[in-house]
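Data first, discussion second: the structure below is written as structure tokens.
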There are 2 protein chains.
Amino acid sequence: MASPYPKAINPSQTRIGWIGTGIMGAPMASRLLVAGYSLTVYNRTLEKALPLQSQGARVVTSPIEVARHSDVVFTIVGNSRDVNQVTLDPSGVLPGLNSGGVVVDMTTSHPALAREIFAAARAKGCWSVDAPVSGADTGAREGKLAIFAGGDGDVVAWLKPLFDIMGKATYMGEAGCGQSCKFANQITGGAVLVGLSEGLVFAEQAGLDLNKFLDAVRGGAAGSKLMELVGEKMIRKDYRPTGYAEYLVKDLGMALDTLEETDEQRTVVVPGAALTKQLYCAMVANGDAKIGIHGVKTVIERINGK
Amino acid sequence: MASPYPKAINPSQTRIGWIGTGIMGAPMASRLLVAGYSLTVYNRTLEKALPLQSQGARVVTSPIEVARHSDVVFTIVGNSRDVNQVTLDPSGVLPGLNSGGVVVDMTTSHPALAREIFAAARAKGCWSVDAPVSGADTGAREGKLAIFAGGDGDVVAWLKPLFDIMGKATYMGEAGCGQSCKFANQITGGAVLVGLSEGLVFAEQAGLDLNKFLDAVRGGAAGSKLMELVGEKMIRKDYRPTGYAEYLVKDLGMALDTLEETDEQRTVVVPGAALTKQLYCAMVANGDAKIGIHGVKTVIERINGK
């Protein structure tokens, strides 16, 4: 495939659209502004877009307006329904995008939806890429996100200058493969957080100094990125969100649903992930939907009557 | 406390004993020989001690003989029963140790046994330290083990020159605290391996390139030491042991038993660790006791009919 535009991406000629200015979207969009790109921004709750306006972004009141002013539109919203709405609705991105335009969904949403959007984009001479991310708000601020990209390989390669501002993109395969990779990432990372929570609760019950525990363990085989990112916060019970607990319920729910929805031969049984999802569901049931994903330690504590 | 010897530890005056020359013990003992220490070695299966003999160690035929020739005796054997036997039996280490001698148990064994040995050692003017390790055979060979030390703080500090040859020791508290820390480490690390296994099996089923999956994920929040150590081996199905699967059954079994044995107020419920132990029990039941701990991926594959 030839690249969707004859022109390479750069701040002077590539107009960027941004939809979704939450805990992840706002710092990611901000980095593009700092890199010199002009941004047109939409967010359902308008006030959350205003800090970007003060950084120079144009704030508009619908996704279609974003698309009319943009060559590449990024979406990072709540869930699959939101993605569907901002992308495929009559007032959404695709109806407003010129032929050759690209919509990049960085929400963690359903692989089947990514495939549906890809088909709809192609039908009008546009492209779509599914590109969910990992790395929490710290990664978003520092431009160190892992980006899992699905869609057309040449389009993903063409987008590299933009992805590089946010982190490191890896091309995973056809439309939906970015989302599948994110699910596998969440299965892997969710397990790390549960193990870390249980290790800390066990260590505390054994009378150990928890900071010494982290110091001792991080150098051995059980060390992890999440231990470095949130281990000390878990000890201090600082559960301010780096990513919301409810998002992990959503992500693991979709991962398990994806399997249930597929035909029998493609079903994968992942008992650890099922347990992890249950523990995160308990967080939501306990009213902790909006605390950080490392707050799953509170569930292990509650199980133990703390 | 004054240090147990007036003399600092060094190769010209400190005589080392070593009991247990398995997958971990052999490379650890070898590093002490390379550092210039004289070693007296015992192993139940004599042949496994012979490579150390060719490196200059004296090989003897009982733990008590090791103790008679040593100021500091390290034990790293199979399980708590073995530790009990080589340490407390009439032909064991403690009966042979001179007053002021130190026995350091690097086996992952029961905290209650560590406390029992500590008391027995003190009763005859000796010291004991529980100092289990993490970091697999690679860490043992490269001197990069995490060592979790329990016992008297001054004795642990005095042993630093020896621990430094094997890795990095952290003093965790009184006798048994090293073992408790190791259990918490295993709870944490076991979860990482299950999450990694399920992530890989999910990703494979979704049709992703597994090496790309690792490349994409390792930079994000779900990255871990175990991902770096064994992720590619799991993809290649290279399950040669870095640590035996049966040891994780043993370690997690002790961790869960420890809790069941303690009084009600000290019981900790760790559902993830319970599931992890079950998956490792399945490995043993499948005849895979002696493959590596990362072979838990085979259980997730078997659940899915592969």
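Going by the structure tokens order, chains are called A, B, ..., each with residues numbered from 1, while ligands are numbered from 1 in the order shown.
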
Exercise for the section: Just list the residues in region 178-282 of chain B DSSP gives alpha helix (DSSP H) on the backbone, as number ranges by chain. Expected result: B: 178-205, 210-218, 225-236, 245-261, 271-282

Handout entry: Nearby residues (only C-alpha atoms) at most 9 Å from Lys212 (chain A), same-chain spacing under 3 positions excluded, as JSON, numbers by chain
Key = {"A": [208, 209, 215, 216, 217], "B": [170, 171, 172]}

Within 7 Å of chain B, which residues of chain A show up? Give each one with its shortest atom-to-atom distance in Å (one decimal) and the two atoms involved, counting only C-alpha atoms, rows by chain then rising residue number, as JSON lines.
```
{"residue": "A:Ser134", "atom": "CA", "partner": "B:Gly220", "partner_atom": "CA", "distance": 5.2}
{"residue": "A:Gly135", "atom": "CA", "partner": "B:Ala221", "partner_atom": "CA", "distance": 4.8}
{"residue": "A:Leu145", "atom": "CA", "partner": "B:Gly220", "partner_atom": "CA", "distance": 6.2}
{"residue": "A:Ala146", "atom": "CA", "partner": "B:Gly220", "partner_atom": "CA", "distance": 4.8}
{"residue": "A:Phe148", "atom": "CA", "partner": "B:Ala216", "partner_atom": "CA", "distance": 6.6}
{"residue": "A:Thr170", "atom": "CA", "partner": "B:Ala216", "partner_atom": "CA", "distance": 5.5}
{"residue": "A:Met172", "atom": "CA", "partner": "B:Leu208", "partner_atom": "CA", "distance": 6.6}
{"residue": "A:Cys177", "atom": "CA", "partner": "B:Leu208", "partner_atom": "CA", "distance": 6.9}
{"residue": "A:Ser180", "atom": "CA", "partner": "B:Ala206", "partner_atom": "CA", "distance": 6.4}
{"residue": "A:Cys181", "atom": "CA", "partner": "B:Ala203", "partner_atom": "CA", "distance": 6.3}
{"residue": "A:Ala184", "atom": "CA", "partner": "B:Gly199", "partner_atom": "CA", "distance": 4.4}
{"residue": "A:Asn185", "atom": "CA", "partner": "B:Ala222", "partner_atom": "CA", "distance": 6.3}
{"residue": "A:Ile187", "atom": "CA", "partner": "B:Gly199", "partner_atom": "CA", "distance": 5.5}
{"residue": "A:Thr188", "atom": "CA", "partner": "B:Gly195", "partner_atom": "CA", "distance": 4.2}
{"residue": "A:Gly189", "atom": "CA", "partner": "B:Ala222", "partner_atom": "CA", "distance": 4.2}
{"residue": "A:Ala191", "atom": "CA", "partner": "B:Gly195", "partner_atom": "CA", "distance": 4.9}
{"residue": "A:Val192", "atom": "CA", "partner": "B:Val192", "partner_atom": "CA", "distance": 5.0}
{"residue": "A:Val194", "atom": "CA", "partner": "B:Gly272", "partner_atom": "CA", "distance": 6.9}
{"residue": "A:Gly195", "atom": "CA", "partner": "B:Thr188", "partner_atom": "CA", "distance": 4.2}
{"residue": "A:Leu196", "atom": "CA", "partner": "B:Thr188", "partner_atom": "CA", "distance": 5.1}
{"residue": "A:Glu198", "atom": "CA", "partner": "B:Val270", "partner_atom": "CA", "distance": 5.8}
{"residue": "A:Gly199", "atom": "CA", "partner": "B:Ala184", "partner_atom": "CA", "distance": 4.4}
{"residue": "A:Leu200", "atom": "CA", "partner": "B:Ala184", "partner_atom": "CA", "distance": 7.0}
{"residue": "A:Phe202", "atom": "CA", "partner": "B:Ala184", "partner_atom": "CA", "distance": 6.0}
{"residue": "A:Ala203", "atom": "CA", "partner": "B:Ala184", "partner_atom": "CA", "distance": 5.7}
{"residue": "A:Gln205", "atom": "CA", "partner": "B:Arg266", "partner_atom": "CA", "distance": 6.6}
{"residue": "A:Ala206", "atom": "CA", "partner": "B:Ser180", "partner_atom": "CA", "distance": 6.4}
{"residue": "A:Leu208", "atom": "CA", "partner": "B:Met172", "partner_atom": "CA", "distance": 6.6}
{"residue": "A:Lys212", "atom": "CA", "partner": "B:Met172", "partner_atom": "CA", "distance": 6.8}
{"residue": "A:Phe213", "atom": "CA", "partner": "B:Cys181", "partner_atom": "CA", "distance": 6.6}
{"residue": "A:Ala216", "atom": "CA", "partner": "B:Thr170", "partner_atom": "CA", "distance": 5.5}
{"residue": "A:Val217", "atom": "CA", "partner": "B:Asn185", "partner_atom": "CA", "distance": 6.3}
{"residue": "A:Gly219", "atom": "CA", "partner": "B:Ala146", "partner_atom": "CA", "distance": 5.8}
{"residue": "A:Gly220", "atom": "CA", "partner": "B:Gly135", "partner_atom": "CA", "distance": 4.8}
{"residue": "A:Ala221", "atom": "CA", "partner": "B:Gly135", "partner_atom": "CA", "distance": 4.8}
{"residue": "A:Ala222", "atom": "CA", "partner": "B:Gly189", "partner_atom": "CA", "distance": 4.2}
{"residue": "A:Gly223", "atom": "CA", "partner": "B:Lys225", "partner_atom": "CA", "distance": 5.4}
{"residue": "A:Ser224", "atom": "CA", "partner": "B:Ser224", "partner_atom": "CA", "distance": 3.8}
{"residue": "A:Lys225", "atom": "CA", "partner": "B:Gly223", "partner_atom": "CA", "distance": 5.4}
{"residue": "A:Leu226", "atom": "CA", "partner": "B:Ala221", "partner_atom": "CA", "distance": 5.7}
{"residue": "A:Arg266", "atom": "CA", "partner": "B:Gln205", "partner_atom": "CA", "distance": 6.5}
{"residue": "A:Val268", "atom": "CA", "partner": "B:Asn304", "partner_atom": "CA", "distance": 6.0}
{"residue": "A:Val269", "atom": "CA", "partner": "B:Asn304", "partner_atom": "CA", "distance": 6.1}
{"residue": "A:Val270", "atom": "CA", "partner": "B:Glu198", "partner_atom": "CA", "distance": 5.8}
{"residue": "A:Gly272", "atom": "CA", "partner": "B:Val194", "partner_atom": "CA", "distance": 6.9}
{"residue": "A:Ile303", "atom": "CA", "partner": "B:Val269", "partner_atom": "CA", "distance": 6.9}
{"residue": "A:Asn304", "atom": "CA", "partner": "B:Val268", "partner_atom": "CA", "distance": 6.1}
```

Completion exercise
CA of Val155 (chain B) to CA of Leu248 (chain B) measures 28.9 Å

Handout entry: Between CA of Val230 (chain B) and CA of Ile291 (chain B), distance in Å (one decimal)
Key =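 One can read the CA of Val230 (chain B) to CA of Ile291 (chain B) distance as 12.7 Å.
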
Handout entry: Distance of CA of Gln55 (chain B) from CA of Ser128 (chain B), expressed in Å to one decimal place
Key =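 Distance reported for this atom pair: 27.3 Å.
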
Problem - Of the listed residues A:Asp82, A:Glu142, A:Asp71, A:Asp137, that which approaches Leu113 (chain A) most closely, counting only C-alpha atoms - result: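 That would be A:Asp82, the residue with the smallest distance to Leu113 (chain A).
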